[in-house]
Amino acid sequence: MSTVRPPSPASRSSSGALAAWGTAILVIATVLIGALAPARHGAPARSAAEDPACLEWSDGCTVCRRLAEGPACSLPGIACQPGALQCLHRREG
């Protein structure tokens, strides 16, 4: 009859240390790749609020108007769920 000997405490701690080092190296490599890889970003889409030709815009909750002093917006309703910004009124020409 054969007897199976449990692993010694030294071999268990060395395999645990090896797993910890492997995990740490994998995390560091992932972070470095994410930080150093070139990002591919297209030109950001201009929203209605950023478009100088749009004089009035809304997200379904608030209505904003471009004035000489800067934009002025209404207050939203208490349970309003805002949607995408849409231009309501454009400058002619």
# chains A, B, ... in the order shown; residues from 1 in each chain; ligands from 1
>>> residues_around(residues="A:Val63", least_positions_apart="5", cutoff="8 Å", atoms="only C-alpha atoms", output="PyMOL selection string")
chain A and resi 56-58+73-74
>>> write_last_selection(atoms="all heavy atoms", output="mmCIF file, in the first residue's frame")
data_model
loop_
_atom_site.group_PDB
_atom_site.id
_atom_site.type_symbol
_atom_site.label_atom_id
_atom_site.label_comp_id
_atom_site.auth_asym_id
_atom_site.auth_seq_id
_atom_site.Cartn_x
_atom_site.Cartn_y
_atom_site.Cartn_z
ATOM 1 N N GLU A 56 -31.493 77.727 -29.480
ATOM 2 C CA GLU A 56 -32.336 77.173 -28.425
ATOM 3 C C GLU A 56 -32.278 75.648 -28.516
ATOM 4 O O GLU A 56 -32.388 75.084 -29.599
ATOM 5 C CB GLU A 56 -33.772 77.665 -28.603
ATOM 6 C CG GLU A 56 -34.681 77.330 -27.461
ATOM 7 C CD GLU A 56 -36.048 77.968 -27.647
ATOM 8 O OE1 GLU A 56 -36.854 77.420 -28.426
ATOM 9 O OE2 GLU A 56 -36.275 79.013 -27.027
ATOM 10 N N TRP A 57 -32.077 74.977 -27.398
ATOM 11 C CA TRP A 57 -31.972 73.529 -27.384
ATOM 12 C C TRP A 57 -32.648 72.972 -26.143
ATOM 13 O O TRP A 57 -32.909 73.683 -25.186
ATOM 14 C CB TRP A 57 -30.517 73.080 -27.470
ATOM 15 C CG TRP A 57 -29.662 73.536 -26.331
ATOM 16 C CD1 TRP A 57 -29.394 72.855 -25.183
ATOM 17 C CD2 TRP A 57 -28.967 74.772 -26.216
ATOM 18 N NE1 TRP A 57 -28.575 73.590 -24.363
ATOM 19 C CE2 TRP A 57 -28.295 74.778 -24.982
ATOM 20 C CE3 TRP A 57 -28.844 75.891 -27.038
ATOM 21 C CZ2 TRP A 57 -27.524 75.847 -24.546
ATOM 22 C CZ3 TRP A 57 -28.068 76.954 -26.604
ATOM 23 C CH2 TRP A 57 -27.412 76.926 -25.382
ATOM 24 N N SER A 58 -32.941 71.659 -26.184
ATOM 25 C CA SER A 58 -33.639 71.015 -25.074
ATOM 26 C C SER A 58 -33.237 69.552 -24.983
ATOM 27 O O SER A 58 -32.893 68.929 -25.986
ATOM 28 C CB SER A 58 -35.152 71.116 -25.268
ATOM 29 O OG SER A 58 -35.816 70.409 -24.241
ATOM 30 N N CYS A 73 -31.082 78.655 -18.945
ATOM 31 C CA CYS A 73 -31.856 77.417 -19.016
ATOM 32 C C CYS A 73 -32.995 77.432 -18.005
ATOM 33 O O CYS A 73 -32.878 78.017 -16.926
ATOM 34 C CB CYS A 73 -30.964 76.212 -18.743
ATOM 35 S SG CYS A 73 -29.643 76.007 -19.945
ATOM 36 N N SER A 74 -34.078 76.741 -18.364
ATOM 37 C CA SER A 74 -35.195 76.576 -17.437
ATOM 38 C C SER A 74 -34.845 75.487 -16.435
ATOM 39 O O SER A 74 -33.874 74.751 -16.603
ATOM 40 C CB SER A 74 -36.451 76.192 -18.215
ATOM 41 O OG SER A 74 -36.272 74.903 -18.801
#
>>> residues_around(residues="stretch 49-55 of chain A", least_positions_apart="3", cutoff="7 Å", atoms="only C-alpha atoms", output="ChimeraX atom specification")
/A:46,65-66,87,89-91
>>> residues_around(residues="A:Leu75", least_positions_apart="2", cutoff="8 Å", atoms="only C-alpha atoms", output="number ranges by chain")
A: 61-62, 73, 77
>>> residues_around(residues="A:Asp59", least_positions_apart="4", cutoff="10 Å", atoms="only C-alpha atoms", output="list in words")
Ala48, Val63, Cys64, Pro76, Cys80, Gln81, Pro82, Gly83, Ala84, Leu85, Gln86 and Cys87 of chain A
>>> select_by_dssp(residues="stretch 20-60 of chain A", states="strand (DSSP E)", output="mmCIF file with C-alpha atoms, in the first residue's frame")
data_model
loop_
_atom_site.group_PDB
_atom_site.id
_atom_site.type_symbol
_atom_site.label_atom_id
_atom_site.label_comp_id
_atom_site.auth_asym_id
_atom_site.auth_seq_id
_atom_site.Cartn_x
_atom_site.Cartn_y
_atom_site.Cartn_z
ATOM 1 C CA CYS A 54 -28.153 76.655 -32.355
ATOM 2 C CA LEU A 55 -29.999 79.401 -30.471
ATOM 3 C CA GLU A 56 -32.336 77.173 -28.425
ATOM 4 C CA TRP A 57 -31.972 73.529 -27.384
ATOM 5 C CA SER A 58 -33.639 71.015 -25.074
#
>>> atom_distance(atom1="atom CA of A:Pro38", atom2="atom CA of A:Ala20")
29.3 Å
>>> decode(residues="stretch 52-65 of chain A", atoms="all heavy atoms", output="short mmCIF file (atom, residue, chain, number, x, y, z; two decimals), in the first residue's frame")
data_model
loop_
_atom_site.label_atom_id
_atom_site.label_comp_id
_atom_site.auth_asym_id
_atom_site.auth_seq_id
_atom_site.Cartn_x
_atom_site.Cartn_y
_atom_site.Cartn_z
N PRO A 52 -22.63 76.98 -32.14
CA PRO A 52 -22.97 78.40 -32.06
C PRO A 52 -24.17 78.79 -32.92
O PRO A 52 -24.82 79.80 -32.67
CB PRO A 52 -21.71 79.12 -32.53
CG PRO A 52 -20.82 78.10 -33.11
CD PRO A 52 -21.30 76.76 -32.68
N ALA A 53 -24.54 77.99 -33.91
CA ALA A 53 -25.69 78.30 -34.75
C ALA A 53 -27.00 77.90 -34.09
O ALA A 53 -28.07 78.35 -34.50
CB ALA A 53 -25.56 77.59 -36.10
N CYS A 54 -26.94 77.07 -33.06
CA CYS A 54 -28.15 76.65 -32.35
C CYS A 54 -28.46 77.69 -31.28
O CYS A 54 -27.70 77.91 -30.36
CB CYS A 54 -27.95 75.28 -31.74
SG CYS A 54 -29.43 74.67 -30.92
N LEU A 55 -29.62 78.35 -31.41
CA LEU A 55 -30.00 79.40 -30.47
C LEU A 55 -30.84 78.90 -29.31
O LEU A 55 -30.91 79.53 -28.27
CB LEU A 55 -30.76 80.50 -31.22
CG LEU A 55 -29.97 81.20 -32.33
CD1 LEU A 55 -30.85 82.22 -33.03
CD2 LEU A 55 -28.71 81.85 -31.77
N GLU A 56 -31.49 77.73 -29.48
CA GLU A 56 -32.34 77.17 -28.43
C GLU A 56 -32.28 75.65 -28.52
O GLU A 56 -32.39 75.08 -29.60
CB GLU A 56 -33.77 77.67 -28.60
CG GLU A 56 -34.68 77.33 -27.46
CD GLU A 56 -36.05 77.97 -27.65
OE1 GLU A 56 -36.85 77.42 -28.43
OE2 GLU A 56 -36.27 79.01 -27.03
N TRP A 57 -32.08 74.98 -27.40
CA TRP A 57 -31.97 73.53 -27.38
C TRP A 57 -32.65 72.97 -26.14
O TRP A 57 -32.91 73.68 -25.19
CB TRP A 57 -30.52 73.08 -27.47
CG TRP A 57 -29.66 73.54 -26.33
CD1 TRP A 57 -29.39 72.86 -25.18
CD2 TRP A 57 -28.97 74.77 -26.22
NE1 TRP A 57 -28.58 73.59 -24.36
CE2 TRP A 57 -28.29 74.78 -24.98
CE3 TRP A 57 -28.84 75.89 -27.04
CZ2 TRP A 57 -27.52 75.85 -24.55
CZ3 TRP A 57 -28.07 76.95 -26.60
CH2 TRP A 57 -27.41 76.93 -25.38
N SER A 58 -32.94 71.66 -26.18
CA SER A 58 -33.64 71.02 -25.07
C SER A 58 -33.24 69.55 -24.98
O SER A 58 -32.89 68.93 -25.99
CB SER A 58 -35.15 71.12 -25.27
OG SER A 58 -35.82 70.41 -24.24
N ASP A 59 -33.33 69.02 -23.77
CA ASP A 59 -33.13 67.59 -23.55
C ASP A 59 -34.44 66.92 -23.15
O ASP A 59 -34.47 65.80 -22.69
CB ASP A 59 -32.07 67.34 -22.48
CG ASP A 59 -32.44 67.88 -21.11
OD1 ASP A 59 -33.51 68.48 -20.97
OD2 ASP A 59 -31.63 67.72 -20.19
N GLY A 60 -35.55 67.63 -23.33
CA GLY A 60 -36.86 67.12 -22.96
C GLY A 60 -37.26 67.52 -21.55
O GLY A 60 -38.42 67.39 -21.18
N CYS A 61 -36.31 67.99 -20.76
CA CYS A 61 -36.59 68.42 -19.38
C CYS A 61 -36.37 69.92 -19.21
O CYS A 61 -37.15 70.60 -18.56
CB CYS A 61 -35.70 67.69 -18.39
SG CYS A 61 -36.08 65.94 -18.25
N THR A 62 -35.29 70.40 -19.77
CA THR A 62 -34.97 71.82 -19.68
C THR A 62 -34.88 72.39 -21.10
O THR A 62 -34.56 71.67 -22.04
CB THR A 62 -33.64 72.08 -18.96
OG1 THR A 62 -32.60 71.42 -19.68
CG2 THR A 62 -33.66 71.59 -17.53
N VAL A 63 -35.15 73.67 -21.20
CA VAL A 63 -34.98 74.37 -22.47
C VAL A 63 -33.95 75.46 -22.21
O VAL A 63 -34.06 76.21 -21.24
CB VAL A 63 -36.31 75.00 -22.95
CG1 VAL A 63 -36.09 75.81 -24.21
CG2 VAL A 63 -37.35 73.92 -23.18
N CYS A 64 -32.94 75.51 -23.06
CA CYS A 64 -31.89 76.52 -22.91
C CYS A 64 -31.90 77.42 -24.14
O CYS A 64 -32.18 76.98 -25.25
CB CYS A 64 -30.52 75.85 -22.77
SG CYS A 64 -30.37 74.82 -21.30
N ARG A 65 -31.55 78.67 -23.91
CA ARG A 65 -31.52 79.66 -24.98
C ARG A 65 -30.18 80.40 -24.89
O ARG A 65 -29.71 80.73 -23.82
CB ARG A 65 -32.68 80.63 -24.81
CG ARG A 65 -32.82 81.62 -25.93
CD ARG A 65 -34.04 82.44 -25.77
NE ARG A 65 -35.18 81.62 -26.24
CZ ARG A 65 -36.43 81.98 -26.13
NH1 ARG A 65 -36.75 83.09 -25.54
NH2 ARG A 65 -37.38 81.22 -26.61
#
